[in-house]
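Asker: File follows, my_file_6.cif with mmCIF, C-alpha atoms:
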```cif
data_start
loop_
_atom_site.label_atom_id
_atom_site.label_comp_id
_atom_site.auth_asym_id
_atom_site.auth_seq_id
_atom_site.Cartn_x
_atom_site.Cartn_y
_atom_site.Cartn_z
CA MET A 179 -3.95 -17.42 13.62
CA VAL A 180 -4.26 -17.84 9.86
CA ILE A 181 -5.81 -21.12 8.70
CA ILE A 182 -4.90 -22.21 5.17
CA ASN A 183 -7.93 -22.59 2.91
CA GLU A 184 -8.03 -25.70 0.74
CA GLU A 185 -10.69 -24.57 -1.71
CA ARG A 186 -9.86 -24.05 -5.36
CA ILE A 187 -8.71 -20.53 -6.26
CA PRO A 188 -8.04 -18.69 -9.57
CA ASN A 189 -4.54 -18.58 -11.09
CA LEU A 190 -2.02 -15.75 -11.26
CA LEU A 191 -3.11 -14.75 -14.77
CA SER A 192 -6.58 -14.29 -13.35
CA TYR A 193 -5.10 -12.03 -10.68
CA LYS A 194 -3.18 -10.05 -13.29
CA TYR A 195 -5.91 -9.64 -15.88
CA PHE A 196 -9.10 -9.70 -13.84
CA ILE A 197 -8.90 -9.47 -10.05
CA ARG A 198 -6.33 -6.66 -9.89
CA LYS A 199 -7.95 -4.66 -12.69
CA GLN A 200 -11.42 -5.08 -11.27
CA ALA A 201 -10.28 -4.22 -7.75
CA SER A 202 -8.40 -1.13 -8.99
CA LYS A 203 -11.48 -0.05 -10.92
CA LEU A 204 -13.80 -0.51 -7.94
CA TYR A 205 -11.54 0.59 -5.10
CA GLY A 206 -9.04 2.88 -6.82
CA LYS A 207 -5.40 3.23 -5.99
CA HIS A 208 -4.18 4.77 -2.79
CA PRO A 209 -3.76 7.75 -2.37
CA GLN A 210 -5.83 8.67 -5.42
CA SER A 211 -8.86 6.86 -3.97
CA LYS A 212 -11.26 9.71 -3.63
CA SER A 213 -14.69 8.36 -2.81
CA LYS A 214 -15.66 7.55 0.74
CA HIS A 215 -16.43 3.97 -0.30
CA GLN A 216 -12.95 3.49 -1.77
CA GLN A 217 -11.29 4.97 1.31
CA ASN A 218 -13.34 2.67 3.55
CA VAL A 219 -12.29 -0.39 1.54
CA HIS A 220 -8.64 0.66 1.73
CA ASN A 221 -8.94 1.20 5.49
CA LEU A 222 -10.48 -2.24 5.92
CA LEU A 223 -7.79 -3.95 3.84
CA LYS A 224 -5.09 -2.12 5.77
CA ILE A 225 -6.53 -3.21 9.12
CA LEU A 226 -6.52 -6.84 7.94
CA ALA A 227 -3.02 -6.47 6.47
CA LEU A 228 -1.56 -5.16 9.71
CA ASN A 229 -3.50 -7.30 12.17
CA GLY A 230 -4.22 -10.64 10.52
CA PRO A 231 -7.58 -12.44 10.90
CA LEU A 232 -10.31 -10.42 12.65
CA THR A 233 -14.07 -10.32 13.06
CA THR A 234 -15.82 -7.19 11.81
CA TRP A 235 -16.31 -6.20 15.46
CA GLU A 236 -12.58 -6.50 16.13
CA MET A 237 -11.83 -4.46 13.00
CA ALA A 238 -14.17 -1.70 14.15
CA LYS A 239 -12.69 -1.83 17.65
CA ILE A 240 -9.24 -1.10 16.15
CA LYS A 241 -10.70 1.95 14.45
CA PHE A 242 -12.56 3.17 17.55
CA PRO A 243 -10.97 1.52 20.62
CA THR A 244 -13.04 3.39 23.21
CA ASN A 245 -16.31 4.37 21.53
CA ASN A 246 -18.72 1.40 21.46
CA GLU A 247 -21.44 3.39 19.70
CA MET A 248 -19.10 4.10 16.78
CA VAL A 249 -17.87 0.49 16.84
CA ARG A 250 -21.43 -0.73 16.26
CA THR A 251 -21.90 1.59 13.27
CA LYS A 252 -18.49 0.80 11.80
CA GLU A 253 -18.95 -2.94 12.32
CA LYS A 254 -22.09 -2.90 10.15
CA GLU A 255 -20.29 -0.86 7.52
CA TYR A 256 -17.36 -3.31 7.40
CA ARG A 257 -19.74 -6.27 7.14
CA ARG A 258 -21.49 -4.59 4.22
CA LEU A 259 -18.18 -3.87 2.48
CA LEU A 260 -17.14 -7.50 2.88
CA ILE A 261 -20.26 -9.35 1.83
CA GLY A 262 -21.84 -6.68 -0.40
CA ARG A 263 -25.49 -5.79 -0.22
CA THR A 264 -28.71 -6.84 -1.88
CA ASP A 265 -31.14 -4.06 -2.58
CA ARG A 266 -34.37 -4.66 -4.58
CA ARG A 267 -33.01 -8.04 -5.70
CA ARG A 268 -29.83 -6.45 -7.04
CA HIS A 269 -26.62 -7.64 -5.41
CA SER A 270 -23.68 -5.25 -5.18
CA GLU A 271 -20.48 -7.24 -4.90
CA GLY A 272 -18.43 -7.15 -1.73
CA ILE A 273 -14.69 -7.62 -1.21
CA LEU A 274 -15.26 -11.35 -0.61
CA ASP A 275 -16.67 -11.72 -4.13
CA LEU A 276 -13.38 -10.50 -5.60
CA ASN A 277 -11.27 -13.05 -3.69
CA LEU A 278 -9.26 -10.37 -1.89
CA VAL A 279 -10.55 -11.36 1.54
CA LEU A 280 -11.90 -14.68 2.74
CA ILE A 281 -13.44 -16.19 5.82
CA ASP A 282 -10.64 -17.61 7.94
CA SER A 283 -12.59 -19.20 10.77
CA LYS A 284 -15.45 -18.72 13.21
CA SER A 285 -14.85 -16.62 16.26
CA THR A 286 -15.63 -18.53 19.44
CA LYS A 287 -15.85 -15.43 21.59
CA ARG A 288 -19.00 -14.13 23.29
CA ASN A 289 -20.56 -12.97 20.01
CA PRO A 290 -19.76 -15.66 17.45
CA GLY A 291 -19.07 -14.43 13.94
CA ASN A 292 -16.84 -14.96 10.96
CA ARG A 293 -13.20 -14.09 11.27
CA TYR A 294 -11.88 -12.56 8.02
CA ARG A 295 -8.38 -12.30 6.61
CA LEU A 296 -6.57 -11.33 3.41
CA SER A 297 -6.27 -14.00 0.73
CA LEU A 298 -2.97 -14.35 -1.15
CA PHE A 299 -4.48 -12.15 -3.88
CA GLY A 300 -5.51 -9.70 -1.16
CA ILE A 301 -1.91 -9.57 0.04
CA LEU A 302 -0.70 -8.91 -3.51
CA PHE A 303 -3.35 -6.24 -4.03
CA CYS A 304 -2.40 -4.52 -0.74
CA LEU A 305 1.26 -4.49 -1.82
CA ASP A 306 0.23 -2.89 -5.09
CA SER A 307 -2.38 -0.42 -3.97
CA LEU A 308 -2.12 0.56 -0.33
CA ASP A 309 1.21 2.37 -0.47
CA LEU A 310 2.37 0.46 2.61
CA SER A 311 5.63 1.54 4.24
CA HIS A 312 8.43 -1.02 4.65
CA GLU A 313 7.57 -1.30 8.34
CA GLU A 314 3.93 -2.01 7.49
CA ILE A 315 4.93 -4.68 4.96
CA ASP A 316 7.18 -6.23 7.63
CA ARG A 317 4.17 -6.36 9.94
CA MET A 318 1.94 -7.90 7.29
CA ALA A 319 4.63 -10.55 6.64
CA GLU A 320 4.62 -11.44 10.31
CA LYS A 321 0.82 -11.76 10.42
CA TYR A 322 0.57 -13.89 7.27
CA GLN A 323 3.69 -16.07 7.52
CA ILE A 324 1.65 -19.28 7.42
CA LEU A 325 0.39 -18.39 3.94
CA LEU A 326 3.87 -17.76 2.53
CA PRO A 327 6.21 -19.77 4.74
CA LYS A 328 9.11 -19.60 2.29
CA ILE A 329 9.04 -15.80 2.14
CA PHE A 330 7.05 -14.31 5.03
CA GLY A 331 8.06 -17.20 7.30
CA ARG A 332 11.74 -16.38 6.75
CA TRP A 333 11.36 -12.61 6.47
CA ASP A 334 14.14 -11.39 8.76
CA PHE A 335 16.56 -14.08 7.59
CA LEU A 336 15.96 -13.14 3.94
CA LYS A 337 15.98 -9.41 4.62
CA ASN A 338 19.43 -9.70 6.21
CA ILE A 339 20.77 -11.24 3.00
CA ILE A 340 18.89 -9.50 0.21
CA GLY A 341 18.08 -6.11 1.76
CA VAL A 342 15.45 -4.05 -0.09
CA ASN A 343 14.94 -6.84 -2.62
CA ILE A 344 12.68 -8.38 0.03
CA TYR A 345 10.05 -5.88 -1.16
CA ASN A 346 10.23 -7.08 -4.81
CA LEU A 347 6.97 -8.91 -4.21
CA LYS A 348 5.32 -5.54 -4.89
CA LEU A 349 6.02 -6.19 -8.57
CA LEU A 350 4.02 -9.39 -8.52
CA GLY A 351 1.30 -7.32 -6.86
CA LYS A 352 1.39 -5.13 -9.95
CA GLY A 353 0.95 -8.22 -12.13
CA LEU A 354 4.49 -8.48 -13.49
CA LEU A 355 4.69 -12.19 -14.32
CA PHE A 356 7.30 -11.87 -17.09
CA ASP A 357 4.92 -14.00 -19.12
CA ASN A 358 5.37 -12.32 -22.48
CA PRO A 359 8.82 -12.43 -24.11
CA ASN A 360 7.57 -10.08 -26.83
CA ILE A 361 7.38 -7.26 -24.34
CA ILE A 362 10.49 -7.42 -22.29
CA ASP A 363 13.70 -8.67 -23.82
CA VAL A 364 15.68 -10.48 -21.19
CA ASP A 365 19.27 -11.28 -22.00
CA ASN A 366 19.75 -13.09 -18.68
CA ALA A 367 19.25 -16.66 -19.97
CA GLU A 368 19.11 -18.44 -16.60
CA PHE A 369 16.39 -16.12 -15.37
CA TRP A 370 14.49 -16.38 -18.63
CA GLU A 371 14.47 -20.20 -18.71
CA LEU A 372 13.30 -20.48 -15.11
CA ILE A 373 10.63 -17.79 -15.31
CA SER A 374 9.33 -19.30 -18.57
CA TYR A 375 9.06 -22.71 -16.93
CA PHE A 376 7.44 -21.05 -13.90
CA ASN A 377 4.73 -19.57 -16.15
CA ILE A 378 4.17 -22.93 -17.86
CA LYS A 379 3.93 -24.72 -14.52
CA SER A 380 1.67 -22.03 -13.10
CA ASN A 381 -0.76 -22.32 -16.04
CA ASN A 382 -0.69 -26.13 -15.97
CA LEU A 383 -1.73 -26.08 -12.32
CA SER A 384 -4.74 -23.85 -13.00
CA TYR A 385 -7.28 -26.57 -12.26
CA SER A 386 -5.77 -27.72 -8.99
CA LEU A 387 -4.80 -24.47 -7.32
CA ASN A 388 -5.40 -23.89 -3.65
CA GLU A 389 -3.70 -21.53 -1.22
CA LYS A 390 -0.88 -23.93 -0.42
CA ILE A 391 0.04 -24.48 -4.08
CA MET A 392 -0.40 -20.78 -4.85
CA GLY A 393 1.87 -19.91 -1.91
CA ASN A 394 4.51 -22.16 -3.46
CA LEU A 395 4.09 -20.55 -6.88
CA ILE A 396 4.43 -17.06 -5.47
CA SER A 397 7.57 -18.20 -3.66
CA TYR A 398 9.06 -19.61 -6.88
CA TRP A 399 8.42 -16.25 -8.57
CA PHE A 400 10.10 -14.46 -5.67
CA PHE A 401 13.29 -16.54 -5.71
CA ILE A 402 13.55 -16.73 -9.51
CA THR A 403 13.25 -12.98 -9.87
CA LEU A 404 16.14 -12.60 -7.45
CA LEU A 405 18.20 -13.64 -10.48
CA TYR A 406 17.01 -10.56 -12.32
CA LEU A 407 15.64 -7.74 -10.19
CA PRO A 408 18.68 -7.10 -7.96
CA ALA A 409 20.68 -6.42 -11.12
CA LEU A 410 18.22 -3.64 -11.89
CA GLN A 411 18.34 -2.28 -8.37
CA SER A 412 22.06 -2.25 -7.83
CA ASP A 413 23.66 -2.22 -11.29
CA LYS A 414 25.95 -4.97 -10.06
CA LYS A 415 24.66 -7.60 -12.49
CA ILE A 416 24.02 -11.27 -12.23
CA LYS A 417 26.95 -12.45 -10.09
CA ASN A 418 25.52 -10.53 -7.20
CA SER A 419 22.10 -12.13 -7.70
CA LYS A 420 23.49 -15.65 -7.76
CA LYS A 421 25.56 -14.89 -4.70
CA MET A 422 22.39 -13.83 -2.88
CA LEU A 423 20.68 -17.10 -3.72
CA SER A 424 23.79 -19.06 -2.84
CA VAL A 425 24.01 -17.48 0.63
CA ILE A 426 20.28 -18.05 1.23
CA PHE A 427 20.41 -21.71 0.23
CA HIS A 428 23.68 -22.37 2.04
CA ASN A 429 22.00 -21.25 5.26
CA ASP A 430 18.61 -22.86 4.69
CA THR A 431 18.77 -26.41 3.38
CA ILE A 432 14.98 -26.82 3.32
CA LEU A 433 14.71 -23.91 0.91
CA GLN A 434 17.64 -25.25 -1.09
CA LYS A 435 16.03 -28.67 -1.52
CA TRP A 436 12.71 -27.11 -2.48
CA PHE A 437 14.31 -24.86 -5.14
CA ASP A 438 16.56 -27.65 -6.43
CA GLU A 439 13.46 -29.77 -7.05
CA PHE A 440 11.97 -26.94 -9.09
CA ILE A 441 15.13 -26.65 -11.21
CA LEU A 442 15.16 -30.42 -11.72
CA GLU A 443 11.52 -30.30 -12.83
CA ALA A 444 12.42 -27.58 -15.32
CA GLN A 445 15.34 -29.64 -16.64
CA ILE A 446 13.08 -32.67 -17.18
CA PHE A 447 10.49 -30.48 -18.90
CA TYR A 448 13.02 -28.97 -21.33
CA LYS A 449 14.59 -32.39 -21.97
CA GLU A 450 11.18 -33.76 -22.99
CA ARG A 451 10.57 -30.74 -25.23
CA SER A 452 13.95 -31.24 -26.79
CA LYS A 453 13.02 -34.87 -27.57
CA VAL A 454 9.85 -33.63 -29.31
CA LEU A 455 11.91 -31.29 -31.46
CA LYS A 456 14.43 -34.00 -32.31
CA GLY A 457 11.53 -36.31 -33.23
CA ILE A 458 9.91 -33.84 -35.61
CA SER A 459 13.27 -33.10 -37.17
CA MET A 460 13.77 -36.85 -37.88
CA GLU A 461 10.23 -37.31 -39.20
CA ILE A 462 10.35 -34.53 -41.77
CA ARG A 463 13.78 -35.42 -43.07
CA MET B 60 5.17 23.13 -14.66
CA THR B 61 6.82 19.72 -14.98
CA VAL B 62 5.93 17.33 -12.16
CA LYS B 63 9.07 15.76 -10.66
CA GLY B 64 9.51 12.07 -11.37
CA LEU B 65 6.41 11.76 -13.57
CA ILE B 66 6.55 9.75 -16.82
CA LEU B 67 3.83 9.35 -19.46
CA VAL B 68 3.71 5.96 -21.21
CA VAL B 69 1.67 5.82 -24.41
CA ASP B 70 0.81 2.53 -26.12
CA ASP B 71 -2.36 0.91 -27.47
CA ASP B 72 -1.10 -2.56 -26.43
CA GLU B 73 -2.25 -3.08 -22.83
CA SER B 74 0.51 -5.60 -22.02
CA VAL B 75 3.26 -3.22 -23.15
CA LEU B 76 1.59 -0.35 -21.34
CA ASP B 77 1.29 -2.28 -18.09
CA THR B 78 4.74 -3.88 -18.14
CA THR B 79 6.55 -0.66 -19.04
CA SER B 80 4.63 1.29 -16.39
CA THR B 81 5.30 -1.37 -13.74
CA LEU B 82 9.03 -1.33 -14.40
CA LEU B 83 9.22 2.47 -14.39
CA GLU B 84 7.37 2.51 -11.06
CA PHE B 85 9.86 -0.07 -9.81
CA PHE B 86 12.65 2.37 -10.76
CA GLY B 87 10.99 4.95 -8.53
CA TYR B 88 9.00 7.05 -11.01
CA SER B 89 5.32 7.90 -11.00
CA VAL B 90 3.57 6.87 -14.18
CA ILE B 91 0.50 8.00 -16.10
CA GLN B 92 -0.81 6.20 -19.15
CA ALA B 93 -2.46 6.96 -22.48
CA ARG B 94 -3.64 4.61 -25.24
CA ASN B 95 -3.39 6.78 -28.36
CA GLY B 96 -1.91 10.06 -29.58
CA VAL B 97 -4.95 12.21 -28.85
CA GLU B 98 -5.14 10.96 -25.26
CA ALA B 99 -1.37 11.45 -24.92
CA ILE B 100 -1.54 15.13 -25.84
CA SER B 101 -4.46 15.67 -23.47
CA LYS B 102 -2.65 13.89 -20.60
CA TYR B 103 0.53 15.88 -21.31
CA ARG B 104 -1.38 19.18 -21.13
CA GLU B 105 -2.96 18.15 -17.82
CA GLU B 106 0.02 16.65 -16.02
CA ARG B 107 3.21 17.91 -17.77
CA PRO B 108 5.28 14.76 -17.27
CA GLY B 109 9.07 15.05 -17.35
CA LEU B 110 9.46 12.25 -19.91
CA VAL B 111 7.25 10.48 -22.46
CA PHE B 112 7.58 6.95 -23.86
CA LEU B 113 5.55 7.13 -27.06
CA ASP B 114 4.59 4.17 -29.25
CA VAL B 115 4.80 4.88 -32.98
CA LYS B 116 1.91 2.82 -34.34
CA MET B 117 -1.39 3.63 -32.63
CA PRO B 118 -5.05 4.21 -33.55
CA LYS B 119 -6.65 7.67 -33.79
CA MET B 120 -3.32 9.52 -33.93
CA ASP B 121 0.04 7.78 -34.32
CA GLY B 122 3.12 8.57 -32.25
CA TYR B 123 4.86 10.78 -34.82
CA GLU B 124 1.77 12.91 -35.41
CA ALA B 125 1.22 13.23 -31.67
CA PHE B 126 4.84 14.28 -31.18
CA PHE B 127 4.69 16.95 -33.90
CA GLU B 128 1.50 18.37 -32.34
CA LEU B 129 2.95 18.24 -28.85
CA GLU B 130 6.22 19.81 -29.93
CA LYS B 131 4.43 22.85 -31.35
CA GLU B 132 2.87 23.57 -27.97
CA PHE B 133 5.67 22.25 -25.74
CA PRO B 134 8.99 22.58 -27.58
CA ASN B 135 10.88 21.21 -24.55
CA ALA B 136 8.85 18.01 -24.22
CA LYS B 137 11.18 15.04 -23.73
CA VAL B 138 10.00 12.15 -25.90
CA ILE B 139 11.40 8.68 -26.53
CA PHE B 140 9.73 6.66 -29.29
CA MET B 141 9.04 2.92 -29.10
CA THR B 142 8.39 0.78 -32.16
CA ALA B 143 7.67 -2.88 -32.79
CA HIS B 144 7.53 -2.51 -36.58
CA ALA B 145 10.85 -0.78 -37.24
CA ASP B 146 8.88 2.24 -38.41
CA PHE B 147 11.58 4.88 -38.92
CA SER B 148 9.56 6.79 -41.57
CA LYS B 149 9.45 10.10 -39.74
CA TRP B 150 12.22 9.51 -37.23
CA ALA B 151 14.71 11.83 -39.00
CA GLU B 152 12.15 14.65 -38.87
CA ALA B 153 11.31 13.91 -35.23
CA LYS B 154 14.99 13.86 -34.31
CA LYS B 155 15.45 17.25 -35.97
CA ARG B 156 12.71 18.49 -33.66
CA HIS B 157 14.58 17.18 -30.61
CA ALA B 158 12.97 13.78 -30.02
CA LEU B 159 15.40 12.03 -27.68
CA ASP B 160 15.63 8.46 -28.93
CA LEU B 161 13.84 5.59 -30.64
CA ILE B 162 13.92 2.08 -29.18
CA GLU B 163 12.76 -1.14 -30.74
CA LYS B 164 10.44 -3.60 -28.98
CA PRO B 165 11.06 -5.86 -27.23
CA TYR B 166 13.36 -3.72 -25.12
CA SER B 167 15.05 -4.87 -21.96
CA ALA B 168 14.30 -3.55 -18.51
CA GLU B 169 17.92 -2.43 -18.31
CA GLN B 170 17.55 -0.42 -21.51
CA LEU B 171 14.51 1.25 -20.00
CA LYS B 172 16.42 2.01 -16.83
CA LYS B 173 19.43 3.43 -18.67
CA LEU B 174 17.27 5.67 -20.86
CA THR B 175 15.31 7.11 -17.94
CA ALA B 176 18.50 7.63 -15.94
CA LYS B 177 20.11 9.39 -18.92
CA PHE B 178 17.26 11.65 -19.96
CA TYR B 179 15.33 12.04 -16.74
CA PRO B 180 17.54 11.39 -13.70
CA LYS B 181 15.62 11.27 -10.43
CA ASN B 182 17.93 13.60 -8.50
#
```
Please render this file's structure as structure tokens.
Answerer:
Amino acid sequence: MVIINEERIPNLLSYKYFIRKQASKLYGKHPQSKSKHQQNVHNLLKILALNGPLTTWEMAKIKFPTNNEMVRTKEKEYRRLLIGRTDRRRHSEGILDLNLVLIDSKSTKRNPGNRYRLSLFGILFCLDSLDLSHEEIDRMAEKYQILLPKIFGRWDFLKNIIGVNIYNLKLLGKGLLFDNPNIIDVDNAEFWELISYFNIKSNNLSYSLNEKIMGNLISYWFFITLLYLPALQSDKKIKNSKKMLSVIFHNDTILQKWFDEFILEAQIFYKERSKVLKGISMEIR
Amino acid sequence: MTVKGLILVVDDDESVLDTTSTLLEFFGYSVIQARNGVEAISKYREERPGLVFLDVKMPKMDGYEAFFELEKEFPNAKVIFMTAHADFSKWAEAKKRHALDLIEKPYSAEQLKKLTAKFYPKN
């Protein structure tokens, strides 16, 4: 079972501009990943994506269920990939250093060891780089529902209402935060106001981010972009998007309350900004 | 031979390059990237994409120059220009040589989708 980590983590801009770029540089993009090392990293991430928290022994056992000799070799290899290696005082970074995987808990089985799992950034990176099928993403959602209760925890419910839009999270995996109005002109005002506030809120929280808060932020992104992305997918424009949200919230009052609070926060924020503008206008008159 | 569903995006601004590529991938295309005109020509020769989004103002070789070079070697290359500075200086000449369109930044995702569907439909 996944245990939520309360330590401080980097923000989404860090994921977009550093973690994702660095991980793509080091591990490549499936299926272009050519080196053995890159393929091994992709295999390891995929095992964690599809199975949830595991020890390195359990990971190796999935790869070689009946050959204990091979399990021993693979187990060492996975451990090295995760924690890196130090050779002649030089440390080569492992996957843990990049915040894609973290230690979930200690295994209490016969051979105690760390149990590893994907971090939220690891989940985003897997969505971006592993070329997972829809079925595989469904499985990952099931394994990591505690990390994203508002999306993964309601996966089938949401999928029934929004169809393929459930996989829009791939775009966040690619770093699409809609954080720069100079790049993409969005004439959908409701979407634009909410995503702008989302980016402001996300940056303001930079110094207090942990997995729980980050899970919430990712969920805000997911529901806000439902106001925009379905229009691109189906050509049926905004009414359809709002209808989707309306059906979701009508059937899930907890989600509705949570999203309403976000909209209220945005309203208060813009009201305060508006006061600032009125003030400056009075002062310079 | 042209690779099916492959688009080349050329821009020296990383944010534009990334966002445009991400959206095109979201629309179901494969994307390759270049950061100036020289790299664009080299990538085109290697991969023969079916459509090119080419920024006008870039270092080393600007978009117009790159297009004129490319067009000599590949007269059927499909190119759409992008500009943030309303640089239409050589657009008339480029249009004469069958450049497809010129869009101004910021463009909307829908504009991007319509243009790709019009000039490079997936099916």
Asker: Find the spatial neighbours of Lys119 of chain B, counting all atoms listed in the file, within a cut-off of 7 Å - ignore same-chain residues fewer than 6 positions away - and output them as a list in words.
Answerer: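 Returned residues: Asn95, Gly96 and Val97 of chain B.
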Asker: What is the distance between atom CA of Arg295 of chain A and atom CA of Ile391 of chain A, in Å to one decimal?
Answerer: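 These atoms are spaced 18.3 Å apart.
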Asker: Once you count only C-alpha atoms, which residues of chain B turn out to be within 9 Å of chain A? Could you give them as a PDB file with C-alpha atoms, keeping the file's coordinate frame?
Answerer:
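Result file iface13.pdb:
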```pdb
ATOM      1  CA  SER B  74       0.510  -5.600 -22.020  1.00  0.00           C
ATOM      2  CA  VAL B  75       3.260  -3.220 -23.150  1.00  0.00           C
ATOM      3  CA  ASP B  77       1.290  -2.280 -18.090  1.00  0.00           C
ATOM      4  CA  THR B  78       4.740  -3.880 -18.140  1.00  0.00           C
ATOM      5  CA  THR B  79       6.550  -0.660 -19.040  1.00  0.00           C
ATOM      6  CA  THR B  81       5.300  -1.370 -13.740  1.00  0.00           C
ATOM      7  CA  LEU B  82       9.030  -1.330 -14.400  1.00  0.00           C
ATOM      8  CA  PHE B  85       9.860  -0.070  -9.810  1.00  0.00           C
ATOM      9  CA  PHE B  86      12.650   2.370 -10.760  1.00  0.00           C
ATOM     10  CA  LYS B 164      10.440  -3.600 -28.980  1.00  0.00           C
ATOM     11  CA  PRO B 165      11.060  -5.860 -27.230  1.00  0.00           C
ATOM     12  CA  TYR B 166      13.360  -3.720 -25.120  1.00  0.00           C
ATOM     13  CA  SER B 167      15.050  -4.870 -21.960  1.00  0.00           C
ATOM     14  CA  ALA B 168      14.300  -3.550 -18.510  1.00  0.00           C
ATOM     15  CA  GLU B 169      17.920  -2.430 -18.310  1.00  0.00           C
ATOM     16  CA  LYS B 172      16.420   2.010 -16.830  1.00  0.00           C
TER      17      LYS B 172
END
```
Asker: Give as a list in words the residues that the PyMOL selection byres ((chain B and resi 178) around 12) matches when applied to the coordinates above.
Answerer: Gly64, Ile66, Gly109, Leu110, Val111, Phe112, Ala136, Lys137, Val138, Ile139, Ala158, Leu159, Asp160, Leu171, Lys172, Lys173, Leu174, Thr175, Ala176, Lys177, Tyr179, Pro180, Lys181 and Asn182 of chain B
Asker: Do you have the atom CA of Pro108 of chain B-atom CA of His157 of chain B distance handy?
Answerer: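 Atom-to-atom, atom CA of Pro108 of chain B and atom CA of His157 of chain B are spaced 16.4 Å apart.
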